[in-house]
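File shown here: data_0.cif, holding mmCIF, C-alpha atoms.
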data_data
#
loop_
_atom_site.label_atom_id
_atom_site.label_comp_id
_atom_site.auth_asym_id
_atom_site.auth_seq_id
_atom_site.Cartn_x
_atom_site.Cartn_y
_atom_site.Cartn_z
CA MET A 156 -7.94 -48.13 -26.82
CA ARG A 157 -6.80 -44.64 -27.44
CA ARG A 158 -3.33 -44.19 -28.65
CA GLN A 159 -1.20 -42.00 -26.46
CA PHE A 160 1.27 -39.69 -28.05
CA GLN A 161 3.51 -36.87 -27.03
CA SER A 162 2.98 -33.56 -28.69
CA PRO A 163 6.20 -31.58 -29.02
CA ILE A 164 4.27 -28.33 -29.41
CA VAL A 165 2.44 -28.76 -26.12
CA LEU A 166 5.66 -29.72 -24.39
CA LEU A 167 7.45 -26.71 -25.85
CA GLY A 168 4.70 -24.37 -24.69
CA ALA A 169 4.76 -25.84 -21.22
CA ARG A 170 8.55 -25.58 -21.08
CA LEU A 171 8.29 -21.95 -22.14
CA LEU A 172 5.64 -21.06 -19.55
CA SER A 173 6.78 -23.08 -16.57
CA PRO A 174 9.89 -21.09 -15.47
CA TYR A 175 8.00 -17.81 -15.59
CA ILE A 176 5.20 -19.21 -13.44
CA MET A 177 7.79 -20.48 -11.00
CA VAL A 178 9.54 -17.12 -10.79
CA PHE A 179 6.20 -15.42 -10.28
CA GLY A 180 5.41 -17.89 -7.50
CA TRP A 181 8.61 -17.01 -5.65
CA TYR A 182 7.84 -13.34 -6.25
CA VAL A 183 4.40 -13.76 -4.68
CA ILE A 184 5.91 -15.54 -1.67
CA ILE A 185 8.76 -13.12 -1.04
CA HIS A 186 6.90 -9.95 -1.95
CA GLY A 187 4.03 -10.87 0.36
CA HIS A 188 5.16 -8.22 2.82
CA TYR A 189 4.30 -5.44 0.42
CA SER A 190 1.55 -6.70 -1.84
CA PRO A 191 -1.24 -9.25 -1.77
CA GLY A 192 0.21 -12.69 -1.62
CA GLY A 193 1.91 -15.01 0.76
CA GLY A 194 2.87 -18.59 1.28
CA PHE A 195 -0.33 -20.32 0.25
CA GLN A 196 -0.84 -18.39 -2.98
CA GLY A 197 2.80 -18.58 -3.98
CA GLY A 198 2.92 -22.28 -3.19
CA ALA A 199 -0.09 -22.85 -5.42
CA LEU A 200 1.70 -21.03 -8.24
CA LEU A 201 4.86 -23.10 -7.77
CA ALA A 202 2.75 -26.24 -7.87
CA ALA A 203 1.10 -24.98 -11.07
CA SER A 204 4.45 -24.62 -12.77
CA VAL A 205 5.51 -28.12 -11.71
CA LEU A 206 2.19 -29.70 -12.65
CA LEU A 207 2.23 -28.05 -16.07
CA ILE A 208 5.39 -29.93 -16.93
CA ARG A 209 3.91 -33.12 -15.50
CA VAL A 210 0.71 -32.85 -17.51
CA ALA A 211 2.46 -31.89 -20.73
CA GLY A 212 5.50 -34.10 -20.62
CA GLY A 213 4.48 -37.24 -18.84
CA ARG A 214 6.36 -39.21 -16.31
CA ARG A 215 9.59 -39.54 -18.24
CA VAL A 216 10.07 -35.77 -18.47
CA ALA A 217 8.67 -35.06 -15.01
CA ARG A 218 11.27 -37.33 -13.49
CA LEU A 219 13.90 -34.80 -14.48
CA GLN A 220 12.28 -32.00 -12.48
CA ILE A 221 10.95 -33.16 -9.13
CA GLN A 222 10.87 -36.87 -8.60
CA GLU A 223 7.84 -38.52 -7.12
CA PHE A 224 9.56 -39.74 -3.99
CA ALA A 225 10.90 -36.25 -3.27
CA THR A 226 7.55 -34.58 -2.66
CA THR A 227 6.85 -36.06 0.76
CA PRO A 228 10.21 -34.99 2.25
CA LEU A 229 9.71 -31.51 0.77
CA ALA A 230 6.34 -31.23 2.50
CA VAL A 231 7.89 -32.36 5.76
CA ILE A 232 10.70 -29.82 5.33
CA GLY A 233 8.15 -27.06 4.81
CA VAL A 234 6.22 -27.94 7.95
CA VAL A 235 9.43 -28.36 9.94
CA ILE A 236 10.72 -24.93 8.87
CA TYR A 237 7.62 -23.35 10.35
CA PHE A 238 7.67 -25.45 13.50
CA ALA A 239 11.42 -25.05 14.05
CA THR A 240 11.10 -21.28 13.79
CA GLY A 241 8.58 -21.36 16.60
CA LEU A 242 10.62 -23.80 18.64
CA VAL A 243 13.86 -21.83 18.28
CA ALA A 244 12.06 -18.68 19.37
CA MET A 245 10.71 -20.55 22.35
CA ALA A 246 14.12 -22.01 23.19
CA MET A 247 15.70 -18.56 23.15
CA GLY A 248 13.37 -17.29 25.81
CA GLY A 249 10.35 -15.98 23.95
CA TYR A 250 6.93 -17.38 23.38
CA PHE A 251 6.16 -20.01 20.75
CA LEU A 252 6.42 -18.30 17.33
CA ASP A 253 7.56 -15.06 18.93
CA TYR A 254 9.95 -13.98 16.20
CA SER A 255 11.52 -11.16 18.15
CA ALA A 256 13.42 -13.79 20.16
CA LEU A 257 15.06 -15.40 17.13
CA PRO A 258 18.84 -15.66 17.52
CA ILE A 259 19.93 -13.55 14.54
CA PRO A 260 22.58 -11.11 15.72
CA GLY A 261 22.54 -7.43 14.94
CA MET A 262 18.85 -6.94 14.28
CA GLU A 263 16.21 -4.99 16.10
CA PRO A 264 13.09 -6.88 17.25
CA GLU A 265 10.96 -5.28 14.54
CA TRP A 266 13.23 -6.49 11.75
CA LEU A 267 13.47 -9.87 13.45
CA ARG A 268 9.69 -10.16 13.20
CA TYR A 269 9.95 -9.14 9.55
CA THR A 270 12.50 -11.89 8.92
CA GLY A 271 10.48 -14.43 10.88
CA ILE A 272 7.40 -13.80 8.76
CA LEU A 273 9.52 -14.25 5.64
CA ILE A 274 10.93 -17.57 6.91
CA ILE A 275 7.54 -19.05 7.71
CA GLU A 276 6.12 -17.88 4.38
CA VAL A 277 8.87 -19.79 2.58
CA GLY A 278 8.05 -22.84 4.69
CA ILE A 279 4.36 -22.59 3.86
CA GLY A 280 5.15 -22.20 0.16
CA LEU A 281 7.37 -25.27 0.10
CA ALA A 282 4.80 -27.37 1.93
CA VAL A 283 1.87 -26.28 -0.25
CA MET A 284 3.82 -26.87 -3.47
CA ALA A 285 5.00 -30.31 -2.39
CA ILE A 286 1.57 -31.37 -1.18
CA LEU A 287 -0.26 -30.30 -4.34
CA VAL A 288 2.28 -32.15 -6.47
CA MET A 289 1.98 -35.12 -4.13
CA ILE A 290 -1.81 -35.23 -4.51
CA TYR A 291 -1.46 -35.18 -8.29
CA ASP A 292 1.17 -37.91 -8.24
CA ASN A 293 -0.93 -40.12 -6.04
CA MET A 294 -4.02 -39.64 -8.20
CA VAL A 295 -2.28 -40.66 -11.42
CA ARG A 296 -0.16 -43.34 -9.81
CA GLY A 297 -0.24 -46.54 -11.78
CA GLU A 298 -1.73 -44.97 -14.90
CA ASP A 299 0.50 -44.28 -17.82
CA TYR A 300 -0.41 -40.69 -18.22
CA ALA A 301 0.65 -38.70 -21.27
CA MET B 252 -34.62 -12.98 -6.35
CA PHE B 253 -31.94 -14.19 -3.99
CA ALA B 254 -29.42 -12.02 -5.81
CA GLY B 255 -31.80 -9.10 -5.36
CA ILE B 256 -31.89 -9.69 -1.62
CA LEU B 257 -28.10 -9.88 -1.52
CA ILE B 258 -27.67 -6.68 -3.51
CA PHE B 259 -30.18 -4.90 -1.29
CA ALA B 260 -28.29 -6.06 1.79
CA ALA B 261 -24.94 -5.06 0.32
CA SER B 262 -26.19 -1.57 -0.44
CA ASP B 263 -26.47 -0.96 3.28
CA LEU B 264 -22.92 -2.00 4.19
CA PRO B 265 -20.66 0.67 5.63
CA TYR B 266 -18.11 2.30 3.38
CA ARG B 267 -14.78 0.55 3.13
CA GLY B 268 -12.02 2.27 5.06
CA ASP B 269 -14.32 4.60 6.94
CA PRO B 270 -12.70 5.28 10.32
CA ASP B 271 -16.09 5.65 11.98
CA ASN B 272 -17.01 2.04 11.31
CA LEU B 273 -17.92 -0.09 14.25
CA MET B 274 -15.28 -2.70 13.51
CA HIS B 275 -12.58 -0.04 13.63
CA ALA B 276 -13.68 1.43 16.93
CA GLU B 277 -11.62 0.94 20.04
CA GLU B 278 -14.57 -0.41 21.98
CA SER B 279 -17.38 -2.51 20.63
CA ILE B 280 -21.06 -1.92 21.45
CA THR B 281 -20.87 -4.26 24.41
CA GLY B 282 -17.90 -2.43 25.87
CA THR B 283 -15.13 -4.90 25.08
CA THR B 284 -11.95 -3.86 23.32
CA VAL B 285 -11.66 -4.57 19.60
CA LYS B 286 -8.48 -6.33 18.55
CA GLY B 287 -8.60 -5.01 14.99
CA ASN B 288 -7.98 -1.53 16.29
CA TYR B 289 -4.74 -2.66 17.90
CA PHE B 290 -3.68 -4.41 14.72
CA ILE B 291 -4.35 -1.37 12.57
CA LYS B 292 -2.46 0.88 14.95
CA ASN B 293 0.55 -1.29 15.66
CA ALA B 294 1.06 -3.60 12.69
CA TYR B 295 3.66 -1.44 10.98
CA ARG B 296 5.30 -0.36 14.20
CA ASP B 297 5.77 -3.92 15.42
CA THR B 298 7.03 -5.57 12.28
CA ARG B 299 7.98 -2.89 9.71
CA THR B 300 5.72 -4.68 7.24
CA PRO B 301 3.27 -2.55 5.25
CA ASN B 302 0.90 -5.40 4.43
CA MET B 303 -1.33 -5.67 7.46
CA VAL B 304 -2.89 -8.95 6.38
CA THR B 305 0.51 -10.61 6.28
CA VAL B 306 1.28 -9.33 9.76
CA VAL B 307 -1.96 -10.66 11.17
CA LEU B 308 -1.58 -14.02 9.45
CA GLY B 309 2.12 -14.46 10.03
CA ASP B 310 2.74 -12.83 13.36
CA TYR B 311 -0.27 -12.14 15.54
CA ARG B 312 -2.20 -15.21 14.44
CA SER B 313 0.72 -17.40 13.45
CA ILE B 314 -0.41 -20.44 15.42
CA ASP B 315 -3.61 -20.42 13.39
CA THR B 316 -1.58 -20.34 10.19
CA PHE B 317 0.50 -23.21 11.50
CA GLY B 318 -2.73 -25.13 12.01
CA GLU B 319 -3.75 -24.44 8.42
CA GLN B 320 -0.44 -25.76 7.20
CA VAL B 321 -0.84 -28.90 9.27
CA VAL B 322 -4.33 -29.35 7.82
CA ILE B 323 -2.95 -29.20 4.27
CA TYR B 324 -0.15 -31.56 5.23
CA THR B 325 -2.68 -34.00 6.67
CA ALA B 326 -4.71 -33.82 3.46
CA GLY B 327 -1.60 -34.73 1.48
CA LEU B 328 -0.80 -37.62 3.77
CA ILE B 329 -4.35 -38.92 3.49
CA THR B 330 -4.15 -38.93 -0.30
CA LEU B 331 -0.90 -40.80 0.09
CA LEU B 332 -2.58 -43.38 2.28
CA VAL B 333 -5.87 -43.72 0.40
CA LEU B 334 -4.92 -43.38 -3.24
CA ARG B 335 -1.59 -45.15 -3.25
CA LYS B 336 -1.82 -48.26 -5.30
CA THR B 337 -0.98 -51.16 -3.08
CA ARG B 338 -0.79 -54.73 -4.21
CA ARG B 339 -3.72 -56.44 -2.59
CA ARG B 340 -2.96 -59.82 -1.21
CA ARG B 341 -5.60 -62.44 -1.83
CA ALA B 342 -5.81 -64.87 1.01
#

Let's see the structure in the file written out as structure tokens.
Amino acid sequence: MRRQFQSPIVLLGARLLSPYIMVFGWYVIIHGHYSPGGGFQGGALLAASVLLIRVAGGRRVARLQIQEFATTPLAVIGVVIYFATGLVAMAMGGYFLDYSALPIPGMEPEWLRYTGILIIEVGIGLAVMAILVMIYDNMVRGEDYA
Amino acid sequence: MFAGILIFAASDLPYRGDPDNLMHAEESITGTTVKGNYFIKNAYRDTRTPNMVTVVLGDYRSIDTFGEQVVIYTAGLITLLVLRKTRRRRA
């Protein structure tokens, strides 16, 4: 049986890299209006930063960041953000996912569409991040990784 | 050899961004209107967003993107159902 050990150097490198990857993920999500990017790509980057800590640090360290039971509600929140945006637009008299009917006061319809795209991109990013982390957690469940 | 065929086919593609391309025309060969022309013309005017791909994904075709998100969500739920370690009861 192989002995499992924790390497402080690997953990330090992962701790150094992870926040920058996470910031870059949010940048990709929010800057998706002006450059290549968007919810799916940014969510994958956020998941990369979370999974790096999980791979390097093991369960005991990963529990401090995003707990295992928290990933499913995060995914649901991401999907619900998207769906609620569409439903609110429909309830305010527009079509489903017609962002120009969103009830944000003092904005022209064009900027409302801009804001609506931003909201759903954040929802997509949250859902993708939570689901990738959830898949990893379920695959290593029961094994004492790292 | 297959790569040679692909390269030969790619050498005949139209230039990128050429306004005379068929996919940028207002009417296709069969006489129907092309939606891409509308998107190119009105994407910035409708949403004030310079990235046209984001506008098409997030606004014009947002129900399709919602479907993609639901697909990913379903994949996550299936891993939750299949891979979760449950204590098997022996009868």

**Asked** Can you list, as a ChimeraX atom specification, every protein, DNA or RNA residue that comes within 12 Å of Pro191 (chain A) when you count all atoms listed in the file, leaving out same-chain residues fewer than 4 positions away?
**Response** /A:182-187,195-197 /B:301-306

Interface, chain A side, toward chain B (10 Å; only C-alpha atoms) as a compact mmCIF listing (two decimals) with C-alpha atoms, in the coordinates of the input:
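Writing done, so here's result_9.txt:
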# COMPACT_ATOMS: atom_id res chain seq x y z
CA HIS A 186 6.90 -9.95 -1.95
CA GLY A 187 4.03 -10.87 0.36
CA HIS A 188 5.16 -8.22 2.82
CA TYR A 189 4.30 -5.44 0.42
CA SER A 190 1.55 -6.70 -1.84
CA PRO A 191 -1.24 -9.25 -1.77
CA GLY A 192 0.21 -12.69 -1.62
CA GLY A 193 1.91 -15.01 0.76
CA GLY A 194 2.87 -18.59 1.28
CA PHE A 195 -0.33 -20.32 0.25
CA THR A 227 6.85 -36.06 0.76
CA ALA A 230 6.34 -31.23 2.50
CA VAL A 231 7.89 -32.36 5.76
CA GLY A 233 8.15 -27.06 4.81
CA VAL A 234 6.22 -27.94 7.95
CA TYR A 237 7.62 -23.35 10.35
CA PHE A 238 7.67 -25.45 13.50
CA GLY A 241 8.58 -21.36 16.60
CA PHE A 251 6.16 -20.01 20.75
CA LEU A 252 6.42 -18.30 17.33
CA ASP A 253 7.56 -15.06 18.93
CA TYR A 254 9.95 -13.98 16.20
CA SER A 255 11.52 -11.16 18.15
CA GLU A 263 16.21 -4.99 16.10
CA PRO A 264 13.09 -6.88 17.25
CA GLU A 265 10.96 -5.28 14.54
CA TRP A 266 13.23 -6.49 11.75
CA LEU A 267 13.47 -9.87 13.45
CA ARG A 268 9.69 -10.16 13.20
CA TYR A 269 9.95 -9.14 9.55
CA THR A 270 12.50 -11.89 8.92
CA GLY A 271 10.48 -14.43 10.88
CA ILE A 272 7.40 -13.80 8.76
CA LEU A 273 9.52 -14.25 5.64
CA ILE A 274 10.93 -17.57 6.91
CA ILE A 275 7.54 -19.05 7.71
CA GLU A 276 6.12 -17.88 4.38
CA GLY A 278 8.05 -22.84 4.69
CA ILE A 279 4.36 -22.59 3.86
CA GLY A 280 5.15 -22.20 0.16
CA ALA A 282 4.80 -27.37 1.93
CA VAL A 283 1.87 -26.28 -0.25
CA ALA A 285 5.00 -30.31 -2.39
CA ILE A 286 1.57 -31.37 -1.18
CA LEU A 287 -0.26 -30.30 -4.34
CA VAL A 288 2.28 -32.15 -6.47
CA MET A 289 1.98 -35.12 -4.13
CA ILE A 290 -1.81 -35.23 -4.51
CA TYR A 291 -1.46 -35.18 -8.29
CA ASP A 292 1.17 -37.91 -8.24
CA ASN A 293 -0.93 -40.12 -6.04
CA MET A 294 -4.02 -39.64 -8.20
CA VAL A 295 -2.28 -40.66 -11.42
CA ARG A 296 -0.16 -43.34 -9.81
CA GLY A 297 -0.24 -46.54 -11.78

**Message:** What does the structure give for the distance between CA of Leu257 (chain A) and CA of Ala239 (chain A), in Å to one decimal?
**Reply:** 10.8 Å

**Message:** Evaluated on this file, the PyMOL selection byres ((chain A and resi 164-168) around 12) picks out some residues - which ones are they, written as an NGL selection string?
**Reply:** :A and (160-163 or 169-175 or 204 or 207-213 or 216-217 or 301)

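Atom pair CA of Asp269 (chain B) / CA of Leu257 (chain B): separated by 21.7 Å.
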
Let me know the centre plus edge lengths, in Å and rounded to one decimal, of a box with edges along x, y and z that contains all listed atoms of region 316-325 of chain B and is padded by 8 Å on every side, as AutoDock Vina command-line options.
--center_x -1.9 --center_y -27.2 --center_z 8.1 --size_x 20.8 --size_y 29.7 --size_z 23.7

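Straight-line separation from CA of Met284 (chain A) to CA of Leu201 (chain A): 5.8 Å.
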
With N, CA and C atoms as the atom set, please write region 290-330 of chain B from the structure just given, as a short mmCIF file (atom, residue, chain, number, x, y, z; two decimals), in the first residue's frame.
data_model
loop_
_atom_site.label_atom_id
_atom_site.label_comp_id
_atom_site.auth_asym_id
_atom_site.auth_seq_id
_atom_site.Cartn_x
_atom_site.Cartn_y
_atom_site.Cartn_z
N PHE B 290 -28.50 39.83 -37.24
CA PHE B 290 -27.69 39.88 -36.02
C PHE B 290 -26.52 40.82 -36.19
N ILE B 291 -25.86 40.74 -37.34
CA ILE B 291 -24.69 41.60 -37.56
C ILE B 291 -25.11 43.06 -37.56
N LYS B 292 -26.26 43.33 -38.16
CA LYS B 292 -26.69 44.73 -38.25
C LYS B 292 -27.13 45.28 -36.90
N ASN B 293 -27.88 44.48 -36.14
CA ASN B 293 -28.58 45.04 -34.99
C ASN B 293 -28.06 44.61 -33.64
N ALA B 294 -26.98 43.84 -33.59
CA ALA B 294 -26.54 43.33 -32.29
C ALA B 294 -26.11 44.47 -31.37
N TYR B 295 -25.32 45.40 -31.89
CA TYR B 295 -24.88 46.49 -31.02
C TYR B 295 -26.00 47.46 -30.74
N ARG B 296 -26.87 47.67 -31.71
CA ARG B 296 -27.94 48.65 -31.51
C ARG B 296 -28.95 48.15 -30.48
N ASP B 297 -29.17 46.84 -30.44
CA ASP B 297 -30.17 46.32 -29.51
C ASP B 297 -29.66 46.25 -28.09
N THR B 298 -28.39 45.90 -27.92
CA THR B 298 -27.94 45.58 -26.56
C THR B 298 -26.75 46.39 -26.10
N ARG B 299 -26.16 47.25 -26.94
CA ARG B 299 -24.98 48.01 -26.55
C ARG B 299 -23.82 47.11 -26.14
N THR B 300 -23.76 45.93 -26.71
CA THR B 300 -22.69 44.99 -26.37
C THR B 300 -21.84 44.75 -27.60
N PRO B 301 -20.54 45.03 -27.54
CA PRO B 301 -19.73 44.89 -28.75
C PRO B 301 -19.51 43.45 -29.18
N ASN B 302 -19.55 42.51 -28.23
CA ASN B 302 -19.26 41.13 -28.59
C ASN B 302 -20.53 40.48 -29.14
N MET B 303 -20.51 40.26 -30.46
CA MET B 303 -21.72 39.77 -31.12
C MET B 303 -22.07 38.35 -30.70
N VAL B 304 -21.04 37.56 -30.41
CA VAL B 304 -21.29 36.17 -30.02
C VAL B 304 -22.05 36.13 -28.69
N THR B 305 -21.66 37.00 -27.77
CA THR B 305 -22.36 37.04 -26.49
C THR B 305 -23.82 37.45 -26.68
N VAL B 306 -24.05 38.38 -27.60
CA VAL B 306 -25.43 38.82 -27.82
C VAL B 306 -26.26 37.68 -28.39
N VAL B 307 -25.68 36.95 -29.35
CA VAL B 307 -26.46 35.86 -29.94
C VAL B 307 -26.71 34.77 -28.92
N LEU B 308 -25.67 34.45 -28.13
CA LEU B 308 -25.85 33.38 -27.14
C LEU B 308 -26.76 33.81 -26.01
N GLY B 309 -26.60 35.03 -25.55
CA GLY B 309 -27.28 35.44 -24.33
C GLY B 309 -28.62 36.09 -24.55
N ASP B 310 -28.83 36.64 -25.73
CA ASP B 310 -30.08 37.37 -25.92
C ASP B 310 -30.96 36.75 -27.00
N TYR B 311 -30.45 36.68 -28.23
CA TYR B 311 -31.31 36.18 -29.30
C TYR B 311 -31.60 34.70 -29.14
N ARG B 312 -30.58 33.96 -28.71
CA ARG B 312 -30.74 32.51 -28.59
C ARG B 312 -30.62 32.09 -27.13
N SER B 313 -31.26 32.85 -26.24
CA SER B 313 -31.02 32.59 -24.82
C SER B 313 -31.72 31.33 -24.34
N ILE B 314 -32.80 30.93 -25.01
CA ILE B 314 -33.47 29.72 -24.56
C ILE B 314 -32.60 28.50 -24.86
N ASP B 315 -31.84 28.58 -25.96
CA ASP B 315 -30.91 27.52 -26.28
C ASP B 315 -29.82 27.43 -25.22
N THR B 316 -29.33 28.59 -24.77
CA THR B 316 -28.30 28.59 -23.73
C THR B 316 -28.86 28.06 -22.43
N PHE B 317 -30.12 28.38 -22.16
CA PHE B 317 -30.76 27.83 -20.97
C PHE B 317 -30.83 26.30 -21.05
N GLY B 318 -31.10 25.80 -22.26
CA GLY B 318 -31.11 24.35 -22.44
C GLY B 318 -29.74 23.73 -22.19
N GLU B 319 -28.68 24.42 -22.64
CA GLU B 319 -27.34 23.92 -22.39
C GLU B 319 -27.07 23.85 -20.90
N GLN B 320 -27.49 24.88 -20.19
CA GLN B 320 -27.24 24.90 -18.75
C GLN B 320 -28.00 23.77 -18.06
N VAL B 321 -29.20 23.51 -18.53
CA VAL B 321 -29.98 22.42 -17.93
C VAL B 321 -29.32 21.08 -18.24
N VAL B 322 -28.72 20.96 -19.44
CA VAL B 322 -28.01 19.72 -19.78
C VAL B 322 -26.85 19.49 -18.83
N ILE B 323 -26.07 20.55 -18.56
CA ILE B 323 -24.93 20.41 -17.65
C ILE B 323 -25.42 20.07 -16.25
N TYR B 324 -26.51 20.72 -15.85
CA TYR B 324 -27.07 20.46 -14.53
C TYR B 324 -27.53 19.01 -14.41
N THR B 325 -28.14 18.50 -15.49
CA THR B 325 -28.57 17.11 -15.48
C THR B 325 -27.38 16.17 -15.40
N ALA B 326 -26.29 16.52 -16.09
CA ALA B 326 -25.09 15.68 -16.01
C ALA B 326 -24.57 15.62 -14.58
N GLY B 327 -24.56 16.77 -13.91
CA GLY B 327 -24.13 16.78 -12.52
C GLY B 327 -25.02 15.95 -11.62
N LEU B 328 -26.32 16.05 -11.85
CA LEU B 328 -27.24 15.27 -11.01
C LEU B 328 -27.07 13.78 -11.26
N ILE B 329 -26.77 13.41 -12.52
CA ILE B 329 -26.61 11.99 -12.81
C ILE B 329 -25.36 11.45 -12.14
N THR B 330 -24.27 12.26 -12.13
CA THR B 330 -23.11 11.78 -11.38
C THR B 330 -23.43 11.66 -9.90
#
